[in-house]
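Student: Below is the structure I would like to discuss, written out as structure tokens.
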Amino acid sequence: MEGEDKEELQKTGKEGGEENSRKREVEECCYLCRRPESAAGKLIQLPQNIRVCRECLQKSIDMLESGNNPLFNGMMDPMLFSFGMPPTGNVPPMGGRKRQKAKEEKEKRAQAAAKEERSAPTRVPAPHRMKEQLDEYVIGQEQAKKAVSVAVYNHYKRIRDDGADGVEIEKSNILMLGPTGSGKTYMVQTLAKLLNVPLAVTDATSLTEAGYIGDDVESVLSKLLAAADNDIEKAEMGIVFIDEIDKIAKKRNTNSRDVSGEAVQQGLLKLLEGADVEVPVGATNKNAMVPMTTISTRNILFICGGAFSGLGKVIKERLNKASTIGFSGELKDKYDKEKNILKYATAEDLREFGMIPEFLGRLPVFCTLEDLSRDMLVSILTKPKNAIIKQYKKLFAMDEVELCFEQEALELIAERALEKKTGARALRAILEEFMLDIMYEIPKDETIGRVTITKDYMEHKGAPGIELRSGSVRALIGQNVSGR
């Protein structure tokens, strides 16, 4: 009896084991789709005891080639890891490697093109073309415009030269001499706008030697970097205009340290010739809280300008040394009435004025601007593209009013500007004074169609001419204007 029970138990255990084995075989399913082997077909054995059906494996290969399914990428990470491969997020598409390589090369070419575009101007016009463009904005100063055009043209040709033949072209910085209001700053601003390069205009009077109160010489590069929107490559091809350069001349008969004169000239030497300078970003002074960047000044064009008040006496003293007596002699007062005495300036005169030789040697291009005459001031009022009269006409046109000036009134404005001895800067001040009441009264009456500025109005002897929109009635403006 006991033997039969034992045999029956063995038989039952054997059947149970076979049943469990069959269950395990039935439960074997695909790792991805979870289908049993009976439905998916024979499974393929992978490392880490992973089994997948042929259909899922084929889909996996197709999706891996496309590389655009993040869900699939996450599912395949353990499978790829079992093969010793990195996760799918870092795996380039197998079928698209050529396309990816072509895309990377295209991006590199685009970056190189953008870098070249940010560098020097792609097309710098010839000197005569550049002067023609300056003529549209700057009246007179023919010799100065010619000298600046040639210097700028040669500068950007120098940038494009790779120096393969062993000949390196030196930088030609510019020194502009001219009375106040003659157009030095305006000429440089116009030139930078035509060339589409960043421009920084700074005042030399605020510069001091490093370590003293005031701006260091590197602050001029900080302004250039700001003008280039913090693009270093673009800033390294820009223009820096340092105005009032005559104010940093050496002080005479002084025993104290000249921190705002000769010391500033010496500090500017490395910038003018070309050096790698650490510049604060977003500030003019260096401190621990401001990030620093390095700018190369090798391809930056520096233009220095100044009125050099008092240089005329130095020039006259040199010229009068040659005066003699006799029939062929020259009078000592020959140059006393010379208005444009600065055109005779030489490097020796500038050294006598207080500029150190090392500084002048790094400004090889000299150009002198003439003092403005009455006819030139009249032309400045009307002829340039951005003439002052055109600006006022545009302001009145916004109110649908036409503004006119008599020729005699323009000549009177020019004469009064000459009396102020501040050059073209005096023109706007004079016009603002006379146009104040008109600009205040005209918007009150919508029937006014034309305003004519006369000489009598400029001399306080009458009122400007007013025409209504119909053109049939001519009247004078009210007492608020005529009773000035």
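Naming works like this for the structure tokens: A, B, ... for the chains as they're shown, residue 1 at the start of each chain, ligands 1 onward in shown order.
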Could you build a table of the residues in region 179-293 of chain A lying no more than 12 Å from region 136-147 of chain A, giving for each the nearest pair of atoms and their separation in Å rounded to one decimal place, using only C-alpha atoms, ordered by chain and ascending residue number, as a Markdown table?

Tutor:
| residue | atom | partner | partner_atom | distance |
| --- | --- | --- | --- | --- |
| A:Ser182 | CA | A:Gln141 | CA | 8.5 |
| A:Gly183 | CA | A:Val138 | CA | 7.5 |
| A:Lys184 | CA | A:Ala144 | CA | 9.3 |
| A:Thr185 | CA | A:Val138 | CA | 10.9 |
| A:Tyr186 | CA | A:Val138 | CA | 7.9 |
| A:Met187 | CA | A:Val138 | CA | 6.7 |
| A:Val188 | CA | A:Lys145 | CA | 9.9 |
| A:Gln189 | CA | A:Tyr137 | CA | 10.5 |
| A:Thr190 | CA | A:Tyr137 | CA | 7.4 |
| A:Leu191 | CA | A:Tyr137 | CA | 9.8 |
| A:Lys193 | CA | A:Tyr137 | CA | 11.3 |
| A:Leu194 | CA | A:Tyr137 | CA | 10.8 |

Student: Let me see the file: selected residues, N, CA, C and O atoms, as a PDB file, in the first residue's frame.

Tutor:
ATOM      1  N   SER A 182      34.720 122.179 -37.255  1.00  0.00           N
ATOM      2  CA  SER A 182      35.072 122.048 -38.673  1.00  0.00           C
ATOM      3  C   SER A 182      34.633 120.708 -39.263  1.00  0.00           C
ATOM      4  O   SER A 182      34.724 120.513 -40.476  1.00  0.00           O
ATOM      5  N   GLY A 183      34.197 119.760 -38.429  1.00  0.00           N
ATOM      6  CA  GLY A 183      33.648 118.513 -38.962  1.00  0.00           C
ATOM      7  C   GLY A 183      34.502 117.291 -38.754  1.00  0.00           C
ATOM      8  O   GLY A 183      34.319 116.284 -39.457  1.00  0.00           O
ATOM      9  N   LYS A 184      35.415 117.289 -37.790  1.00  0.00           N
ATOM     10  CA  LYS A 184      36.291 116.131 -37.577  1.00  0.00           C
ATOM     11  C   LYS A 184      35.478 114.913 -37.122  1.00  0.00           C
ATOM     12  O   LYS A 184      35.549 113.837 -37.719  1.00  0.00           O
ATOM     13  N   THR A 185      34.717 115.090 -36.056  1.00  0.00           N
ATOM     14  CA  THR A 185      33.928 113.967 -35.536  1.00  0.00           C
ATOM     15  C   THR A 185      32.860 113.533 -36.524  1.00  0.00           C
ATOM     16  O   THR A 185      32.636 112.332 -36.732  1.00  0.00           O
ATOM     17  N   TYR A 186      32.217 114.479 -37.159  1.00  0.00           N
ATOM     18  CA  TYR A 186      31.146 114.144 -38.096  1.00  0.00           C
ATOM     19  C   TYR A 186      31.679 113.365 -39.292  1.00  0.00           C
ATOM     20  O   TYR A 186      31.017 112.451 -39.796  1.00  0.00           O
ATOM     21  N   MET A 187      32.873 113.700 -39.745  1.00  0.00           N
ATOM     22  CA  MET A 187      33.456 112.981 -40.871  1.00  0.00           C
ATOM     23  C   MET A 187      33.733 111.527 -40.511  1.00  0.00           C
ATOM     24  O   MET A 187      33.452 110.602 -41.295  1.00  0.00           O
ATOM     25  N   VAL A 188      34.263 111.298 -39.319  1.00  0.00           N
ATOM     26  CA  VAL A 188      34.554 109.925 -38.897  1.00  0.00           C
ATOM     27  C   VAL A 188      33.267 109.139 -38.689  1.00  0.00           C
ATOM     28  O   VAL A 188      33.161 107.965 -39.067  1.00  0.00           O
ATOM     29  N   GLN A 189      32.254 109.765 -38.086  1.00  0.00           N
ATOM     30  CA  GLN A 189      30.975 109.088 -37.885  1.00  0.00           C
ATOM     31  C   GLN A 189      30.337 108.703 -39.219  1.00  0.00           C
ATOM     32  O   GLN A 189      29.798 107.597 -39.377  1.00  0.00           O
ATOM     33  N   THR A 190      30.409 109.593 -40.190  1.00  0.00           N
ATOM     34  CA  THR A 190      29.861 109.295 -41.514  1.00  0.00           C
ATOM     35  C   THR A 190      30.618 108.173 -42.177  1.00  0.00           C
ATOM     36  O   THR A 190      30.031 107.283 -42.806  1.00  0.00           O
ATOM     37  N   LEU A 191      31.931 108.174 -42.032  1.00  0.00           N
ATOM     38  CA  LEU A 191      32.757 107.132 -42.639  1.00  0.00           C
ATOM     39  C   LEU A 191      32.440 105.765 -42.044  1.00  0.00           C
ATOM     40  O   LEU A 191      32.318 104.768 -42.765  1.00  0.00           O
ATOM     41  N   LYS A 193      29.646 104.839 -40.713  1.00  0.00           N
ATOM     42  CA  LYS A 193      28.314 104.443 -41.150  1.00  0.00           C
ATOM     43  C   LYS A 193      28.350 103.907 -42.582  1.00  0.00           C
ATOM     44  O   LYS A 193      27.673 102.925 -42.913  1.00  0.00           O
ATOM     45  N   LEU A 194      29.150 104.522 -43.451  1.00  0.00           N
ATOM     46  CA  LEU A 194      29.243 104.059 -44.829  1.00  0.00           C
ATOM     47  C   LEU A 194      29.904 102.688 -44.916  1.00  0.00           C
ATOM     48  O   LEU A 194      29.518 101.856 -45.741  1.00  0.00           O
TER      49      LEU A 194
END

Student: Enter the distance from CA of Pro198 (chain A) to CA of Leu224 (chain A), in Å, rounded to one decimal.

Tutor: 6.8 Å

Student: So that I can see what lies close to region 278-283 of chain A, please list as a ChimeraX atom specification the residues with an atom at most 10 Å from it, counting only C-alpha atoms and leaving out residues fewer than 5 positions away in the same chain.

Tutor: /A:217-223,225-226,230,288-296

Student: Figure out the distance between CA of Ala387 (chain A) and CA of Glu419 (chain A), please, to one decimal in Å.

Tutor: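 Between CA of Glu419 (chain A) and CA of Ala387 (chain A) the gap works out to 20.8 Å.
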
Student: Would you work out the distance separating CA of Val197 (chain A) from CA of Asp231 (chain A), expressed in Å to one decimal?

Tutor: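 Separation between CA of Val197 (chain A) and CA of Asp231 (chain A): 11.8 Å.
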
Student: Just list as a ChimeraX atom specification whatever in region 190-355 of chain A DSSP marks as alpha helix (DSSP H).

Tutor: /A:190-195,219-227,232-235,262-273,311-320,347-353

Student: Could you tell me, as a CSV table (one decimal) with C-alpha atoms, in the first residue's frame, which residues of region 208-252 of chain A DSSP assigns to strand (DSSP E or B) when given the backbone?

Tutor:
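Here's the written file selection18.csv:
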chain,number,residue,atom,x,y,z
A,215,ASP,CA,39.4,106.3,-17.1
A,239,ILE,CA,37.3,102.4,-35.7
A,240,VAL,CA,38.2,104.4,-32.5
A,241,PHE,CA,38.1,108.2,-32.7
A,242,ILE,CA,39.9,109.9,-29.8
A,243,ASP,CA,38.8,113.6,-29.7

Student: Considering only C-alpha atoms, return as a list in words whatever protein or nucleic-acid residues lie within 6 Å of Ala263 (chain A), sequence-local ones (same chain, fewer than 3 positions apart) excluded.

Tutor: Glu209, Val259 and Gln266 of chain A

Student: Could you list, with a cut-off of 12 Å and counting only C-alpha atoms, the residues of region 211-266 of chain A near region 149-158 of chain A, each shown with its nearest atom pair and the distance in Å rounded to one decimal, rows sorted by chain and ascending number, as JSON lines?

Tutor:
{"residue": "A:Glu236", "atom": "CA", "partner": "A:Tyr156", "partner_atom": "CA", "distance": 11.9}
{"residue": "A:Met237", "atom": "CA", "partner": "A:Tyr156", "partner_atom": "CA", "distance": 8.6}
{"residue": "A:Gly238", "atom": "CA", "partner": "A:Tyr156", "partner_atom": "CA", "distance": 10.3}
{"residue": "A:Ile239", "atom": "CA", "partner": "A:Val152", "partner_atom": "CA", "distance": 9.8}
